[in-house]
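Student: I am attaching a structure below and will ask some questions about it afterwards.
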Amino acid sequence: MMNGIAKPRVWKSILFASAATAATALASEPLVALITSGRPADYYSHIPLIPVVSAYVFFRRRKKLSWDGSGSPFLGIMVMALGFGLVMFDLSGSFDLVPHAELRVGGSLLMLYGSFLALYGTSAFRKVLFPLIFLVFLIPLPLTWMRYVVSALVTSSIGATHLLFRAFGIPFFQTGPIFYLPGFDIEVAQECSGIRSSLALLITSVLAGQIFLKGPWKKLAFAAAVFPVTVLKNAIRILTLYLLSYFIDIRIIRGGFLHRSGGFIFFGVGLIIMAYILWLLKSPREALERVKRMLSSPQNRP
């Protein structure tokens, strides 16, 4: 009896592992090319992290699956056929690197999803929905969309920097992205968008929201907070670089370590802010009570 139960389970595991291997092989070529030769590289630096996170979450949820349940072969084959069609369309055409990766990775994912549905069914699919759908982050967004995002980040960062300079009482004159400040001028360029850290924060927020938050609206709000947090983090970085360069050493902003490679420090600032937002969303009542206590404390009374 045990062997009769285990045998279908083993065959299903072998078939799904084979499908996952085939999907990986199909998607790896354009993704490797995108990471190694894609421009700008900041748009795609997050890609290697995605399958690692997805595999980890899938492994954690494996015990919730009913590996012996019946599959949904018709639905699975339909999804696989759609994915196969995308892959064949990619192979039959001559596309630029990003559209090539979009078609190939999208088709490979659909083939992977279809194979899982065919073998294990919709009930099992819902139980591992997050790690499977998380793989969608592997699909690169069109360059036009990414340029809009970068432009929005730069424009918002200019406004946030303006507000921070005013808040700190720093005299300045502004013309577009250029701030004329005591000592030297600063231009908020495209490189100041923080697109790499914003993508990393987005991926982290989606994962943390799934783990710690309940309800789709809280998860969506937490992910949406990445944009303003990235903008604030960018403005804090510009302000910090200016103050350190003006009061300590001008070389800090002229190619110093903090300017060239200090992004991880301010990424940490963004993580701290996101962690605080996570706490607010997870325990809003506790956060409200703490604010009330702070406002009613003796030192805050007139």
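Chain labels run A, B, ... following the order of the structure tokens; each chain numbers its residues from 1, and ligands are numbered from 1 in the order shown.
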List every residue of stretch 151-261 of chain A that DSSP, applied to the backbone, labels as strand (DSSP E or B), and write the result as a PyMOL selection string.
Tutor: chain A and resi 173-175+178-180+185-187
Student: Can you spit out the residues from that selection as a tab-separated table (two decimals), in the first residue's frame, using N, CA and C atoms?
Tutor:
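The resulting file, result09.tsv, is shown below:
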```
chain	number	residue	atom	x	y	z
A	173	PHE	N	19.90	78.35	-4.28
A	173	PHE	CA	19.12	78.80	-5.43
A	173	PHE	C	19.00	77.60	-6.36
A	174	GLN	N	17.81	77.35	-6.85
A	174	GLN	CA	17.56	76.15	-7.64
A	174	GLN	C	17.13	76.48	-9.05
A	175	THR	N	17.74	75.77	-9.99
A	175	THR	CA	17.31	75.83	-11.38
A	175	THR	C	17.13	74.41	-11.87
A	178	ILE	N	19.43	71.45	-10.58
A	178	ILE	CA	20.70	71.98	-10.06
A	178	ILE	C	20.42	72.87	-8.85
A	179	PHE	N	21.13	72.57	-7.76
A	179	PHE	CA	21.06	73.37	-6.55
A	179	PHE	C	22.37	74.16	-6.40
A	180	TYR	N	22.26	75.49	-6.39
A	180	TYR	CA	23.42	76.35	-6.20
A	180	TYR	C	23.52	76.63	-4.70
A	185	ASP	N	28.02	73.53	-6.20
A	185	ASP	CA	26.68	73.23	-6.70
A	185	ASP	C	26.48	71.71	-6.76
A	186	ILE	N	25.22	71.31	-6.72
A	186	ILE	CA	24.85	69.89	-6.81
A	186	ILE	C	23.77	69.73	-7.86
A	187	GLU	N	23.96	68.74	-8.73
A	187	GLU	CA	22.94	68.39	-9.70
A	187	GLU	C	22.38	67.01	-9.38
```
Student: Any chance you could list, as a ChimeraX atom specification, the residues in stretch 189-277 of chain A that come up alpha helix (DSSP H) when DSSP is run on the backbone?
Tutor: /A:195-212,216-224,226-247,257-261,263-277
Student: Write out as CSV a residue-level contact list of stretch 158-275 of chain A versus stretch 53-56 of chain A with cut-off 12 Å: for each qualifying residue the closest pair of atoms and the distance in Å to one decimal, counting only C-alpha atoms, rows sorted by chain and residue number upward.
Tutor:
```
residue,atom,partner,partner_atom,distance
A:Ile203,CA,A:Val53,CA,9.5
A:Thr204,CA,A:Val53,CA,9.8
A:Val206,CA,A:Val53,CA,11.1
A:Leu207,CA,A:Val53,CA,8.4
A:Ala208,CA,A:Val53,CA,11.4
```
Student: Export, as a PDB file, in the first residue's frame, the selected residues with C-alpha atoms.
Tutor:
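Output saved as selection-v6.pdb:
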```
ATOM      1  CA  ILE A 203      11.250  42.828  -3.476  1.00  0.00           C
ATOM      2  CA  THR A 204      11.991  42.934   0.251  1.00  0.00           C
ATOM      3  CA  VAL A 206       6.683  42.083  -1.019  1.00  0.00           C
ATOM      4  CA  LEU A 207       8.389  39.228   0.827  1.00  0.00           C
ATOM      5  CA  ALA A 208       8.091  40.841   4.265  1.00  0.00           C
TER       6      ALA A 208
END
```
Student: Would you kindly return, as a list of chain:residue names, each protein, DNA or RNA residue with an atom no farther than 12 Å from any atom of A:Ile211, considering only C-alpha atoms and excluding same-chain residues fewer than 2 positions away?
Tutor: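 Final neighbour list, sorted by chain and number: A:Val57, A:Arg60, A:Arg61, A:Phe130, A:Pro131, A:Thr204, A:Ser205, A:Val206, A:Leu207, A:Ala208, A:Gly209, A:Leu213, A:Lys214, A:Gly215, A:Lys218, A:Lys219, A:Leu278, A:Lys282.
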Student: Generate the output file for the selected residues, C-alpha atoms, as a tab-separated table (two decimals), in the first residue's frame.
Tutor:
```tsv
chain	number	residue	atom	x	y	z
A	57	VAL	CA	9.50	30.11	0.34
A	60	ARG	CA	9.07	26.28	3.57
A	61	ARG	CA	5.53	25.58	2.31
A	130	PHE	CA	3.16	33.35	-3.57
A	131	PRO	CA	6.50	31.63	-4.37
A	204	THR	CA	11.99	42.93	0.25
A	205	SER	CA	8.67	44.62	1.01
A	206	VAL	CA	6.68	42.08	-1.02
A	207	LEU	CA	8.39	39.23	0.83
A	208	ALA	CA	8.09	40.84	4.27
A	209	GLY	CA	4.47	41.77	3.63
A	213	LEU	CA	1.04	41.16	7.22
A	214	LYS	CA	-2.48	39.86	6.87
A	215	GLY	CA	-4.89	41.15	4.27
A	218	LYS	CA	-1.97	46.06	4.04
A	219	LYS	CA	0.42	44.17	1.76
A	278	LEU	CA	5.74	47.43	8.65
A	282	LYS	CA	1.08	45.12	11.55
```
Student: Would you mind listing, for every residue of stretch 113-192 of chain A within 12 Å of stretch 223-230 of chain A, the two atoms forming the shortest contact and the distance between them in Å to one decimal, using only C-alpha atoms, sorted by chain and ascending residue number, as a tab-separated table?
Tutor:
```
residue	atom	partner	partner_atom	distance
A:Val149	CA	A:Phe227	CA	9.6
A:Val150	CA	A:Phe227	CA	10.8
A:Ala152	CA	A:Phe227	CA	9.4
A:Leu153	CA	A:Phe227	CA	7.7
A:Val154	CA	A:Thr230	CA	10.3
A:Thr155	CA	A:Pro228	CA	11.9
A:Ser156	CA	A:Pro228	CA	8.4
A:Ser157	CA	A:Thr230	CA	8.4
A:Gly159	CA	A:Pro228	CA	11.5
A:Ala160	CA	A:Pro228	CA	9.5
A:Cys192	CA	A:Thr230	CA	10.6
```
Student: Stretch 141-147 of chain A: which residues within 12 Å, counting only C-alpha atoms, same-chain residues fewer than 2 positions away excluded, as a ChimeraX atom specification?
Tutor: /A:34,38-44,47,96-103,105-106,136-139,149-154,190-191,193,195-196,198-199
Student: Quick one: write out the picked residues with C-alpha atoms as a tab-separated table (two decimals), in the first residue's frame?
Tutor:
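So the final result, stored in again.tsv, reads:
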```tsv
chain	number	residue	atom	x	y	z
A	34	LEU	CA	20.39	40.83	-19.72
A	38	GLY	CA	21.98	44.86	-20.48
A	39	ARG	CA	22.09	48.64	-20.22
A	40	PRO	CA	21.59	50.18	-17.80
A	41	ALA	CA	22.57	47.29	-15.55
A	42	ASP	CA	20.84	48.82	-12.50
A	43	TYR	CA	17.49	47.81	-13.96
A	44	TYR	CA	18.26	44.10	-13.75
A	47	ILE	CA	17.09	39.23	-11.01
A	96	ASP	CA	15.90	43.23	-28.91
A	97	LEU	CA	17.35	41.93	-25.66
A	98	VAL	CA	14.59	43.12	-23.29
A	99	PRO	CA	11.58	41.98	-25.40
A	100	HIS	CA	13.43	38.73	-26.05
A	101	ALA	CA	13.78	38.18	-22.30
A	102	GLU	CA	10.16	39.18	-21.66
A	103	LEU	CA	8.79	36.64	-24.13
A	105	VAL	CA	10.85	34.22	-19.41
A	106	GLY	CA	7.10	34.80	-19.56
A	136	VAL	CA	7.13	37.16	-12.16
A	137	PHE	CA	9.82	39.58	-10.92
A	138	LEU	CA	12.13	37.71	-13.30
A	139	ILE	CA	10.33	39.27	-16.26
A	149	VAL	CA	10.00	55.19	-13.13
A	150	VAL	CA	13.53	56.62	-13.04
A	151	SER	CA	12.26	60.01	-14.20
A	152	ALA	CA	9.56	60.00	-11.51
A	153	LEU	CA	12.13	59.07	-8.84
A	154	VAL	CA	14.52	61.83	-9.94
A	190	GLN	CA	19.58	60.20	-13.34
A	191	GLU	CA	22.17	58.28	-11.35
A	193	SER	CA	17.28	57.92	-8.84
A	195	ILE	CA	16.41	52.58	-8.97
A	196	ARG	CA	18.56	49.65	-7.83
A	198	SER	CA	14.09	50.82	-4.92
A	199	LEU	CA	13.86	47.46	-6.72
```
Student: Kindly give the distance, in Å, that separates atom CA of A:Val79 and atom CA of A:Phe58, rounded to a single decimal.
Tutor: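 Going from atom CA of A:Val79 over to atom CA of A:Phe58, I get 20.4 Å.
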